[in-house]
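The next block is target.tsv, given as TSV, C-alpha atoms and all ligand atoms.
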```tsv
chain	number	residue	atom	x	y	z
Z	1392	MET	CA	109.64	68.13	133.36
Z	1393	THR	CA	112.34	65.83	131.95
Z	1394	SER	CA	115.78	65.63	133.54
Z	1395	THR	CA	117.26	67.32	130.44
Z	1396	SER	CA	114.94	70.31	130.77
Z	1397	THR	CA	115.69	70.46	134.51
Z	1398	THR	CA	119.41	70.60	133.69
Z	1399	THR	CA	118.79	73.22	131.01
Z	1400	SER	CA	116.80	75.46	133.32
Z	1401	GLY	CA	119.46	74.93	136.03
Z	1402	THR	CA	122.16	76.00	133.56
Z	1403	ARG	CA	120.10	79.07	132.66
Z	1404	SER	CA	119.63	80.14	136.26
Z	1405	ASN	CA	123.38	79.62	136.90
Z	1406	HIS	CA	124.07	81.80	133.88
Z	1407	MET	CA	121.72	84.55	135.15
Z	1408	ARG	CA	123.36	84.27	138.58
Z	1409	GLU	CA	126.78	84.85	137.01
Z	1410	ILE	CA	125.47	87.86	135.11
Z	1411	SER	CA	123.85	89.19	138.27
Z	1412	GLN	CA	127.13	88.89	140.22
Z	1413	ARG	CA	129.01	90.75	137.49
Z	1414	ALA	CA	126.29	93.40	137.15
Z	1415	LEU	CA	126.20	94.08	140.89
Z	1416	GLN	CA	129.92	94.96	140.82
Z	1417	ALA	CA	129.21	97.63	138.21
Z	1418	LEU	CA	125.68	98.86	138.91
Z	1419	PRO	CA	123.63	99.98	141.93
Z	1420	ALA	CA	121.35	97.17	143.15
Z	1421	ALA	CA	118.23	99.17	142.26
Z	1422	GLU	CA	119.42	99.62	138.67
Z	1423	TRP	CA	120.16	95.91	138.34
Z	1424	ALA	CA	116.71	95.06	139.71
Z	1425	ALA	CA	115.15	97.37	137.11
Z	1426	ILE	CA	117.03	95.93	134.13
Z	1427	GLU	CA	117.19	92.24	135.13
Z	1428	PRO	CA	113.97	91.29	133.24
Z	1429	VAL	CA	115.19	92.79	129.96
Z	1430	VAL	CA	118.62	91.19	130.43
Z	1431	ALA	CA	116.90	87.80	130.95
Z	1432	GLU	CA	114.81	88.43	127.82
Z	1433	ILE	CA	117.95	89.22	125.78
Z	1434	GLU	CA	119.69	86.08	127.09
Z	1435	GLN	CA	116.67	83.99	126.00
Z	1436	LEU	CA	116.62	85.64	122.56
Z	1437	LYS	CA	120.36	84.96	122.20
Z	1438	ARG	CA	119.73	81.24	122.88
Z	1439	ASP	CA	116.74	81.13	120.51
Z	1440	ARG	CA	118.63	82.75	117.64
Z	1441	ASN	CA	122.13	81.40	118.36
Z	1442	ALA	CA	123.30	84.99	118.70
Z	1443	VAL	CA	126.25	86.73	120.33
Z	1444	VAL	CA	126.52	90.31	121.52
Z	1445	LEU	CA	129.86	92.02	120.84
Z	1446	ALA	CA	130.24	95.17	122.94
Z	1447	HIS	CA	132.74	97.97	122.58
Z	1448	ASN	CA	134.48	99.31	125.69
Z	1449	TYR	CA	132.38	102.51	125.33
Z	1450	MET	CA	129.07	100.73	125.96
Z	1451	THR	CA	127.35	101.67	129.20
Z	1452	PRO	CA	127.90	99.22	132.11
Z	1453	ASP	CA	124.29	97.95	131.96
Z	1454	ILE	CA	125.25	96.46	128.56
Z	1455	PHE	CA	128.98	95.85	129.01
Z	1456	HIS	CA	128.68	93.93	132.28
Z	1457	THR	CA	125.51	91.97	131.47
Z	1458	VAL	CA	124.59	90.82	127.93
Z	1459	ALA	CA	128.01	91.27	126.25
Z	1460	ASP	CA	129.58	87.95	125.23
Z	1461	VAL	CA	132.73	89.76	124.17
Z	1462	GLY	CA	133.77	93.19	125.37
Z	1463	GLY	CA	136.79	94.98	124.01
Z	1464	ASP	CA	138.33	97.44	121.58
Z	1465	SER	CA	137.77	97.62	117.82
Z	1466	LEU	CA	140.42	95.01	117.12
Z	1467	ALA	CA	139.02	92.53	119.65
Z	1468	LEU	CA	135.53	92.97	118.16
Z	1469	ALA	CA	136.86	92.48	114.62
Z	1470	GLN	CA	138.74	89.34	115.69
Z	1471	ALA	CA	135.64	88.00	117.47
Z	1472	GLY	CA	133.49	88.80	114.42
Z	1473	ALA	CA	135.89	86.83	112.21
Z	1474	ARG	CA	135.87	83.67	114.33
Z	1475	THR	CA	132.34	83.40	115.72
Z	1476	ASP	CA	130.15	80.44	114.79
Z	1477	ALA	CA	126.96	82.15	115.97
Z	1478	ASN	CA	124.20	82.67	113.38
Z	1479	VAL	CA	123.58	86.24	114.50
Z	1480	ILE	CA	126.00	88.92	115.68
Z	1481	VAL	CA	124.57	91.92	117.50
Z	1482	MET	CA	127.07	94.78	117.41
Z	1483	ALA	CA	126.79	96.88	120.54
Z	1484	GLY	CA	128.99	99.55	119.04
Z	1485	VAL	CA	128.89	101.87	116.06
Z	1486	HIS	CA	128.05	101.20	112.42
Z	1487	PHE	CA	131.61	100.74	111.10
Z	1488	MET	CA	132.11	98.00	113.71
Z	1489	ALA	CA	128.97	96.19	112.50
Z	1490	GLU	CA	130.11	96.54	108.88
Z	1491	THR	CA	133.51	95.12	109.82
Z	1492	ALA	CA	131.80	92.09	111.41
Z	1493	LYS	CA	129.66	91.62	108.27
Z	1494	ILE	CA	132.71	91.85	105.98
Z	1495	LEU	CA	134.56	89.25	108.07
Z	1496	SER	CA	131.50	86.98	108.50
Z	1497	PRO	CA	129.35	87.62	105.40
Z	1498	ASP	CA	127.25	84.48	105.96
Z	1499	ARG	CA	126.12	85.65	109.40
Z	1500	THR	CA	123.32	88.05	110.14
Z	1501	VAL	CA	124.83	91.17	111.69
Z	1502	LEU	CA	122.45	93.46	113.54
Z	1503	ILE	CA	123.00	96.98	114.83
Z	1504	PRO	CA	120.44	98.15	117.39
Z	1505	ASP	CA	120.38	101.74	116.05
Z	1506	LEU	CA	121.30	102.64	112.47
Z	1507	ARG	CA	122.11	106.19	113.52
Z	1508	ALA	CA	125.17	105.04	115.52
Z	1509	GLY	CA	127.78	106.56	113.22
Z	1510	CYS	CA	131.25	108.04	113.75
Z	1511	SER	CA	132.71	111.44	112.83
Z	1512	LEU	CA	135.83	109.73	111.49
Z	1513	ALA	CA	133.91	107.32	109.25
Z	1514	SER	CA	131.85	110.18	107.81
Z	1515	SER	CA	134.93	112.37	107.14
Z	1516	ILE	CA	136.22	110.46	104.09
Z	1517	THR	CA	134.86	108.65	101.01
Z	1518	ALA	CA	136.28	106.14	98.53
Z	1519	THR	CA	136.49	109.01	96.00
Z	1520	ASP	CA	138.71	110.95	98.41
Z	1521	ILE	CA	141.02	107.91	98.57
Z	1522	LYS	CA	141.21	107.80	94.78
Z	1523	LEU	CA	142.11	111.51	94.66
Z	1524	LEU	CA	144.77	111.01	97.35
Z	1525	ARG	CA	146.26	108.10	95.40
Z	1526	ASP	CA	146.42	110.33	92.29
Z	1527	LYS	CA	148.19	113.01	94.34
Z	1528	HIS	CA	150.63	110.53	95.98
Z	1529	PRO	CA	151.24	107.83	93.36
Z	1530	GLY	CA	152.61	104.55	94.72
Z	1531	VAL	CA	152.12	105.53	98.38
Z	1532	PRO	CA	150.20	102.79	100.22
Z	1533	VAL	CA	146.91	103.70	101.92
Z	1534	VAL	CA	146.47	102.61	105.55
Z	1535	THR	CA	142.96	103.25	106.85
Z	1536	TYR	CA	141.77	103.16	110.40
Z	1537	VAL	CA	138.87	100.71	110.87
Z	1538	ASN	CA	136.74	103.75	111.75
Z	1539	THR	CA	135.77	104.01	108.06
Z	1540	THR	CA	132.99	102.75	105.78
Z	1541	ALA	CA	133.28	99.46	103.89
Z	1542	ASP	CA	133.76	101.41	100.61
Z	1543	VAL	CA	136.77	103.23	102.06
Z	1544	LYS	CA	138.26	99.99	103.37
Z	1545	ALA	CA	137.84	98.43	99.92
Z	1546	ALA	CA	139.76	101.36	98.39
Z	1547	SER	CA	142.65	100.90	100.88
Z	1548	ASP	CA	145.68	98.65	101.03
Z	1549	ILE	CA	145.44	97.69	104.68
Z	1550	CYS	CA	143.38	98.62	107.75
Z	1551	CYS	CA	144.59	99.27	111.28
Z	1552	THR	CA	143.19	100.00	114.71
Z	1553	SER	CA	144.70	101.95	117.57
Z	1554	ALA	CA	146.00	98.59	118.88
Z	1555	ASN	CA	148.29	97.90	115.92
Z	1556	VAL	CA	148.64	101.10	113.88
Z	1557	VAL	CA	152.42	101.53	114.27
Z	1558	ALA	CA	153.05	97.85	113.50
Z	1559	VAL	CA	150.76	98.02	110.43
Z	1560	VAL	CA	152.51	101.14	109.11
Z	1561	GLU	CA	155.95	99.56	109.61
Z	1562	SER	CA	154.86	96.17	108.19
Z	1563	LEU	CA	154.68	97.72	104.72
Z	1564	GLY	CA	158.45	98.34	104.52
Z	1565	VAL	CA	158.06	101.66	102.67
Z	1566	PRO	CA	159.39	105.16	103.46
Z	1567	ARG	CA	155.97	106.88	103.48
Z	1568	VAL	CA	152.29	105.97	103.88
Z	1569	LEU	CA	148.95	107.73	103.75
Z	1570	LEU	CA	147.35	107.18	107.19
Z	1571	LEU	CA	143.64	108.05	107.11
Z	1572	PRO	CA	141.33	109.53	108.23
Z	1573	ASP	CA	142.22	110.62	111.81
Z	1574	ARG	CA	144.73	113.48	111.68
Z	1575	TYR	CA	145.45	113.20	115.41
Z	1576	LEU	CA	146.09	109.46	115.30
Z	1577	ALA	CA	148.36	110.16	112.31
Z	1578	ALA	CA	150.24	112.85	114.27
Z	1579	ASN	CA	150.67	110.52	117.26
Z	1580	VAL	CA	151.95	107.70	115.03
Z	1581	ALA	CA	154.37	110.07	113.27
Z	1582	GLU	CA	156.07	110.59	116.65
Z	1583	GLN	CA	156.67	106.84	117.02
Z	1584	THR	CA	158.03	105.82	113.65
Z	1585	ASP	CA	160.58	106.84	111.01
Z	1586	VAL	CA	158.01	106.17	108.28
Z	1587	GLU	CA	156.76	109.48	106.86
Z	1588	ILE	CA	153.05	109.84	107.60
Z	1589	ILE	CA	150.77	111.73	105.23
Z	1590	ALA	CA	147.53	112.59	107.03
Z	1591	TRP	CA	143.99	113.61	106.02
Z	1592	GLU	CA	143.32	117.03	107.46
Z	1593	PRO	CA	139.49	116.91	107.75
Z	1594	GLY	CA	139.47	113.72	109.86
Z	1595	ALA	CA	139.02	113.93	113.65
Z	1596	CYS	CA	137.08	112.15	116.37
Z	1597	GLU	CA	134.53	114.60	117.71
Z	1598	VAL	CA	134.98	113.13	121.21
Z	1599	HIS	CA	138.77	113.13	121.51
Z	1600	GLU	CA	139.58	116.32	119.59
Z	1601	ARG	CA	137.88	118.34	122.36
Z	1602	PHE	CA	140.57	117.51	124.94
Z	1603	THR	CA	143.38	120.06	125.22
Z	1604	GLY	CA	146.91	120.11	126.60
Z	1605	ALA	CA	145.91	123.02	128.86
Z	1606	GLN	CA	143.18	120.84	130.44
Z	1607	MET	CA	145.78	118.13	131.16
Z	1608	ARG	CA	148.15	120.62	132.81
Z	1609	GLU	CA	145.27	121.95	134.88
Z	1610	LEU	CA	144.42	118.40	136.03
Z	1611	ARG	CA	148.05	117.91	137.09
Z	1612	ALA	CA	148.06	121.23	138.95
Z	1613	ILE	CA	144.88	120.24	140.83
Z	1614	HIS	CA	145.71	116.60	141.60
Z	1615	GLY	CA	149.51	116.59	141.77
Z	1616	ALA	CA	151.90	113.68	141.20
Z	1617	ASP	CA	149.32	111.20	142.47
Z	1618	LEU	CA	147.44	111.46	139.19
Z	1619	ALA	CA	147.98	109.23	136.15
Z	1620	ILE	CA	146.72	110.57	132.83
Z	1621	VAL	CA	145.74	107.79	130.43
Z	1622	ALA	CA	144.72	108.88	126.93
Z	1623	HIS	CA	143.51	107.50	123.61
Z	1624	PRO	CA	145.69	108.21	120.52
Z	1625	GLU	CA	142.75	109.98	118.82
Z	1626	CYS	CA	143.56	112.90	121.16
Z	1627	PRO	CA	145.64	115.85	119.92
Z	1628	THR	CA	149.41	115.51	120.45
Z	1629	ASP	CA	149.54	118.25	123.11
Z	1630	VAL	CA	147.21	115.98	125.14
Z	1631	THR	CA	149.12	112.75	124.55
Z	1632	ALA	CA	152.39	114.59	125.37
Z	1633	GLU	CA	151.06	115.09	128.93
Z	1634	ALA	CA	149.88	111.47	129.34
Z	1635	ASP	CA	151.48	108.70	131.38
Z	1636	PHE	CA	150.14	106.15	128.90
Z	1637	VAL	CA	148.58	106.31	125.42
Z	1638	GLY	CA	146.87	103.32	123.81
Z	1639	SER	CA	143.75	101.64	122.48
Z	1640	THR	CA	140.73	101.44	124.74
Z	1641	SER	CA	141.70	97.92	125.84
Z	1642	ALA	CA	145.37	98.85	126.29
Z	1643	MET	CA	144.36	101.76	128.54
Z	1644	GLY	CA	142.40	99.32	130.74
Z	1645	ASN	CA	145.31	96.92	130.79
Z	1646	TRP	CA	147.80	99.62	131.75
Z	1647	ILE	CA	145.55	100.72	134.62
Z	1648	GLY	CA	145.39	97.08	135.80
Z	1649	ALA	CA	149.18	96.78	135.71
Z	1650	ASN	CA	149.92	100.21	137.26
Z	1651	PRO	CA	147.60	100.67	140.21
Z	1652	LYS	CA	147.18	104.40	140.93
Z	1653	ARG	CA	144.84	106.02	143.35
Z	1654	ARG	CA	143.76	108.67	140.84
Z	1655	ILE	CA	143.24	108.18	137.13
Z	1656	ALA	CA	142.10	110.69	134.53
Z	1657	LEU	CA	140.92	108.55	131.62
Z	1658	ILE	CA	141.03	110.90	128.64
Z	1659	THR	CA	138.47	109.25	126.43
Z	1660	GLU	CA	134.76	108.40	126.26
Z	1661	CYS	CA	132.97	108.43	129.63
Z	1662	SER	CA	131.67	104.83	129.81
Z	1663	MET	CA	135.21	103.47	129.71
Z	1664	ALA	CA	135.89	104.59	133.31
Z	1665	ASP	CA	132.43	103.41	134.39
Z	1666	ASN	CA	133.25	99.93	133.04
Z	1667	LEU	CA	136.72	99.79	134.60
Z	1668	ALA	CA	135.49	101.06	137.97
Z	1669	ALA	CA	133.97	97.63	138.69
Z	1670	ASP	CA	137.43	96.01	138.51
Z	1671	HIS	CA	139.25	98.82	140.36
Z	1672	PRO	CA	137.14	99.73	143.39
Z	1673	ASP	CA	140.04	101.53	145.12
Z	1674	THR	CA	140.72	103.91	142.23
Z	1675	THR	CA	139.44	107.48	142.22
Z	1676	TRP	CA	138.37	108.40	138.69
Z	1677	VAL	CA	138.96	112.04	137.83
Z	1678	ARG	CA	135.96	112.61	135.58
Z	1679	SER	CA	137.19	114.63	132.66
Z	1680	CYS	CA	135.66	112.53	129.92
Z	1681	ASN	CA	133.51	113.30	126.85
Z	1682	LEU	CA	130.44	111.37	125.70
Z	1683	CYS	CA	130.26	109.82	122.22
Z	1684	PRO	CA	126.70	110.54	121.03
Z	1685	HIS	CA	126.92	107.68	118.51
Z	1686	MET	CA	127.93	105.00	121.00
Z	1687	LYS	CA	125.23	106.25	123.36
Z	1688	ARG	CA	122.53	105.42	120.81
Z	1689	ILE	CA	122.96	101.76	121.73
Z	1690	THR	CA	120.73	100.74	124.62
Z	1691	LEU	CA	119.62	97.50	126.28
Z	1692	MET	CA	116.11	98.00	124.88
Z	1693	GLY	CA	117.58	98.54	121.41
Z	1694	ILE	CA	119.54	95.27	121.73
Z	1695	ARG	CA	116.39	93.46	122.87
Z	1696	ASP	CA	114.36	94.86	119.94
Z	1697	ALA	CA	117.14	94.12	117.41
Z	1698	LEU	CA	117.12	90.46	118.49
Z	1699	ALA	CA	113.34	90.17	118.84
Z	1700	HIS	CA	112.63	91.59	115.35
Z	1701	GLU	CA	115.97	90.77	113.64
Z	1702	ARG	CA	116.51	94.43	112.88
Z	1703	HIS	CA	118.60	96.34	111.67
Z	1704	ALA	CA	120.55	93.92	109.50
Z	1705	VAL	CA	123.76	95.40	108.10
Z	1706	GLU	CA	124.35	94.58	104.42
Z	1707	VAL	CA	127.50	95.21	102.42
Z	1708	ASP	CA	127.69	94.90	98.62
Z	1709	ALA	CA	129.48	91.68	97.56
Z	1710	ALA	CA	132.00	93.55	95.39
Z	1711	VAL	CA	132.83	95.86	98.30
Z	1712	ILE	CA	133.13	92.92	100.71
Z	1713	SER	CA	135.96	91.30	98.77
Z	1714	GLY	CA	138.05	94.50	98.64
Z	1715	ALA	CA	137.36	95.44	102.24
Z	1716	ARG	CA	138.05	91.89	103.40
Z	1717	ARG	CA	141.47	91.98	101.73
Z	1718	ALA	CA	142.36	95.14	103.68
Z	1719	LEU	CA	140.98	93.74	106.95
Z	1720	ASP	CA	142.66	90.33	106.53
Z	1721	ALA	CA	145.97	92.12	105.93
Z	1722	MET	CA	145.45	93.93	109.24
Z	1723	LEU	CA	144.40	90.75	111.11
Z	1724	ALA	CA	147.59	89.06	109.86
Z	1725	VAL	CA	149.59	91.78	111.67
Z	1726	GLY	CA	147.42	91.17	114.74
Z	1727	ARG	CA	147.52	92.95	118.07
Z	1728	ARG	CA	150.72	94.65	119.13
Z	1729	GLU	CA	149.63	95.31	122.67
Z	1730	ASN	CA	149.28	92.69	125.37
Z	1731	VAL	CA	145.58	93.12	126.11
Z	1732	PRO	CA	143.03	90.42	126.77
Z	1733	SER	CA	139.38	91.18	125.87
Z	1734	ARG	CA	136.56	90.00	128.14
Z	1735	GLY	CA	134.78	86.88	126.96
Z	1736	ALA	CA	135.29	84.70	123.92
Z	1737	VAL	CA	133.31	83.37	120.97
Z	1801	LIG	P1	139.58	101.44	120.04
Z	1801	LIG	O1	139.88	100.65	118.81
Z	1801	LIG	O2	140.80	101.85	120.79
Z	1801	LIG	O3	138.61	100.68	120.90
Z	1801	LIG	O4	138.90	102.81	119.61
Z	1801	LIG	C1	137.70	102.87	118.91
Z	1801	LIG	C2	137.08	104.18	118.97
Z	1801	LIG	O5	136.11	104.43	118.32
Z	1801	LIG	C3	137.71	105.16	119.82
Z	1801	LIG	O6	137.10	106.37	119.71
Z	1802	LIG	FE1	133.90	107.69	116.31
Z	1802	LIG	FE2	135.05	109.15	118.20
Z	1802	LIG	FE3	132.69	108.03	118.70
Z	1802	LIG	FE4	134.92	106.52	118.50
Z	1802	LIG	S1	134.46	108.04	120.06
Z	1802	LIG	S2	132.92	106.10	117.55
Z	1802	LIG	S3	136.04	107.63	116.91
Z	1802	LIG	S4	133.10	109.63	117.16
```
Go ahead and render the structure in this file as structure tokens.
Amino acid sequence: MTSTSTTTSGTRSNHMREISQRALQALPAAEWAAIEPVVAEIEQLKRDRNAVVLAHNYMTPDIFHTVADVGGDSLALAQAGARTDANVIVMAGVHFMAETAKILSPDRTVLIPDLRAGCSLASSITATDIKLLRDKHPGVPVVTYVNTTADVKAASDICCTSANVVAVVESLGVPRVLLLPDRYLAANVAEQTDVEIIAWEPGACEVHERFTGAQMRELRAIHGADLAIVAHPECPTDVTAEADFVGSTSAMGNWIGANPKRRIALITECSMADNLAADHPDTTWVRSCNLCPHMKRITLMGIRDALAHERHAVEVDAAVISGARRALDAMLAVGRRENVPSRGAV
């Protein structure tokens, strides 16, 4: 063995040691022992293919705390997708996130481990709907949440995420905007700005729309003043009205870091609390979460197979890319309007 290969294998075992330390803060030792071989396989495949794994905050801890090179909210993943110099991006998230990475890095191969990982918001609206809305509201700019298909982005003026939606809406300097497709996000934004918000009634997140204000009041009655309710803005307004903090997935994590509470009800997808629990061992998590069936389609084995067989590559039509890129670049120019670091960097 040459000294270079000794150094390389030493670097690799240091890297696996770091992953192991992180994993053991988030997973039972027996679970880590069971998944360590597949994690090592994925790390080798990442080196072989010059690949990065971008993981949304809703990924399970066996992904989020092991193979993820970047972990964060939709905006962090879009920003990472725009600046990576890796040849291959594996999106451990849902399809619109992979499409966003492809639009921002069209020369890279973008893989999604399971093509069925969709989103109820993305499937609620089409580019034809946008055209009809523009006809109905002439001259009113269209702001679309990134939880949309590439076609819908291309038909829009500017995109937004939950981390910058109010700033994006106000950046346009107009009295009214169409804010699509999440009617609950639109209702929450309408409470924070003087800009008139026109919403799209069919759009809702199937995970967040199930929370109710009555559930929040019940949680308070059970747990008392000790409890902090932290909610995502895709929740109905009677839920967010009861919350101590409302923000993007990364902003919720940041707020919890800055406001240590013994009891937290994280009103969002279930893996979010599982991922944060590693960093907040003294917090009691009041489990009142809902699972996203689309996010849960992404597994470690799926990531391994995507890298091993270069499947499933996400393609976006060149004509659509240029329109969608314009809307995404306009959003990226506004940037994040919350002070939230993501984990990792590319
Ligand atoms: P964030 O952009 O806040 O991570 O939200 C994405 C999402 O899909 C929430 O349901
Ligand atoms: Fe879509 Fe809701 Fe799942 Fe997020 S949690 S991916 S908005 S269905």
With only C-alpha atoms and all ligand atoms counted, collect every polymer residue having an atom within 6 Å of ligand LIG 1801 (chain Z); state the result as a compact mmCIF listing (two decimals) with C-alpha atoms, in the coordinates of the input.
```
# COMPACT_ATOMS: atom_id res chain seq x y z
CA ASP Z 1464 138.33 97.44 121.58
CA SER Z 1465 137.77 97.62 117.82
CA LEU Z 1466 140.42 95.01 117.12
CA THR Z 1552 143.19 100.00 114.71
CA SER Z 1553 144.70 101.95 117.57
CA SER Z 1639 143.75 101.64 122.48
CA THR Z 1640 140.73 101.44 124.74
```
Chain Z residues near ligand LIG 1802 (chain Z) within 7 Å, closest pair each, using all atoms listed in the file, as a tab-separated table:
```
residue	atom	partner	partner_atom	distance
Z:Val1485	CA	Z:LIG1802	S2	6.0
Z:Gly1509	CA	Z:LIG1802	S2	6.7
Z:Cys1510	CA	Z:LIG1802	FE1	3.7
Z:Ser1511	CA	Z:LIG1802	S4	4.7
Z:Leu1512	CA	Z:LIG1802	FE1	5.6
Z:Asn1538	CA	Z:LIG1802	S3	6.5
Z:Cys1596	CA	Z:LIG1802	FE2	4.1
Z:Glu1597	CA	Z:LIG1802	S4	5.2
Z:Val1598	CA	Z:LIG1802	FE2	5.0
Z:His1599	CA	Z:LIG1802	FE2	6.4
Z:Glu1660	CA	Z:LIG1802	S1	6.2
Z:Cys1683	CA	Z:LIG1802	FE3	4.6
Z:Pro1684	CA	Z:LIG1802	FE3	6.9
Z:His1685	CA	Z:LIG1802	FE3	5.8
Z:Met1686	CA	Z:LIG1802	FE3	6.1
```
How would the residues just picked look written out with C-alpha atoms as a PDB file, in the coordinates of the input?
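As a result, out.pdb now contains:
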```pdb
ATOM      1  CA  VAL Z1485     128.890 101.870 116.060  1.00  0.00           C
ATOM      2  CA  GLY Z1509     127.780 106.560 113.220  1.00  0.00           C
ATOM      3  CA  CYS Z1510     131.250 108.040 113.750  1.00  0.00           C
ATOM      4  CA  SER Z1511     132.710 111.440 112.830  1.00  0.00           C
ATOM      5  CA  LEU Z1512     135.830 109.730 111.490  1.00  0.00           C
ATOM      6  CA  ASN Z1538     136.740 103.750 111.750  1.00  0.00           C
ATOM      7  CA  CYS Z1596     137.080 112.150 116.370  1.00  0.00           C
ATOM      8  CA  GLU Z1597     134.530 114.600 117.710  1.00  0.00           C
ATOM      9  CA  VAL Z1598     134.980 113.130 121.210  1.00  0.00           C
ATOM     10  CA  HIS Z1599     138.770 113.130 121.510  1.00  0.00           C
ATOM     11  CA  GLU Z1660     134.760 108.400 126.260  1.00  0.00           C
ATOM     12  CA  CYS Z1683     130.260 109.820 122.220  1.00  0.00           C
ATOM     13  CA  PRO Z1684     126.700 110.540 121.030  1.00  0.00           C
ATOM     14  CA  HIS Z1685     126.920 107.680 118.510  1.00  0.00           C
ATOM     15  CA  MET Z1686     127.930 105.000 121.000  1.00  0.00           C
TER      16      MET Z1686
END
```
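With all atoms listed in the file taken into account, the protein and nucleic acid residues at most 9 Å from region 1575-1578 of chain Z (excluding it and anything under 6 positions from it in its own chain) are Ser1553, Val1556, Leu1569, Ile1588, Ile1589, Ala1590, Trp1591, Gly1594, Ala1595, Cys1596, Glu1600, His1623, Pro1624, Glu1625, Cys1626, Pro1627 and Thr1628 of chain Z.
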Legend entry - Residues within 9 Å of Ala1518 (chain Z), only C-alpha atoms, excluding chain neighbours under 5 positions, as a PyMOL selection string: chain Z and resi 1523+1540+1542-1547
Output the selection as an mmCIF file, in the coordinates of the input - C-alpha atoms for each residue.
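Listing of selection.cif after writing:
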```
data_model
loop_
_atom_site.group_PDB
_atom_site.id
_atom_site.type_symbol
_atom_site.label_atom_id
_atom_site.label_comp_id
_atom_site.auth_asym_id
_atom_site.auth_seq_id
_atom_site.Cartn_x
_atom_site.Cartn_y
_atom_site.Cartn_z
ATOM 1 C CA LEU Z 1523 142.110 111.510 94.660
ATOM 2 C CA THR Z 1540 132.990 102.750 105.780
ATOM 3 C CA ASP Z 1542 133.760 101.410 100.610
ATOM 4 C CA VAL Z 1543 136.770 103.230 102.060
ATOM 5 C CA LYS Z 1544 138.260 99.990 103.370
ATOM 6 C CA ALA Z 1545 137.840 98.430 99.920
ATOM 7 C CA ALA Z 1546 139.760 101.360 98.390
ATOM 8 C CA SER Z 1547 142.650 100.900 100.880
#
```
Legend entry - Polymer residues at most 8 Å from region 1425-1442 of chain Z, all atoms listed in the file, same-chain spacing of 6 or more positions, as a PyMOL selection string: chain Z and resi 1407+1411+1453+1457-1458+1477-1481+1691-1692+1694-1695+1698-1699
Legend entry - Near-Ala1664 (chain Z) list (8 Å; all atoms listed in the file; drop same-chain fewer than 4 positions) as a list of chain:residue names: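 Counting all atoms listed in the file, the residues come to Z:Leu1657, Z:Ala1668, Z:Trp1676.
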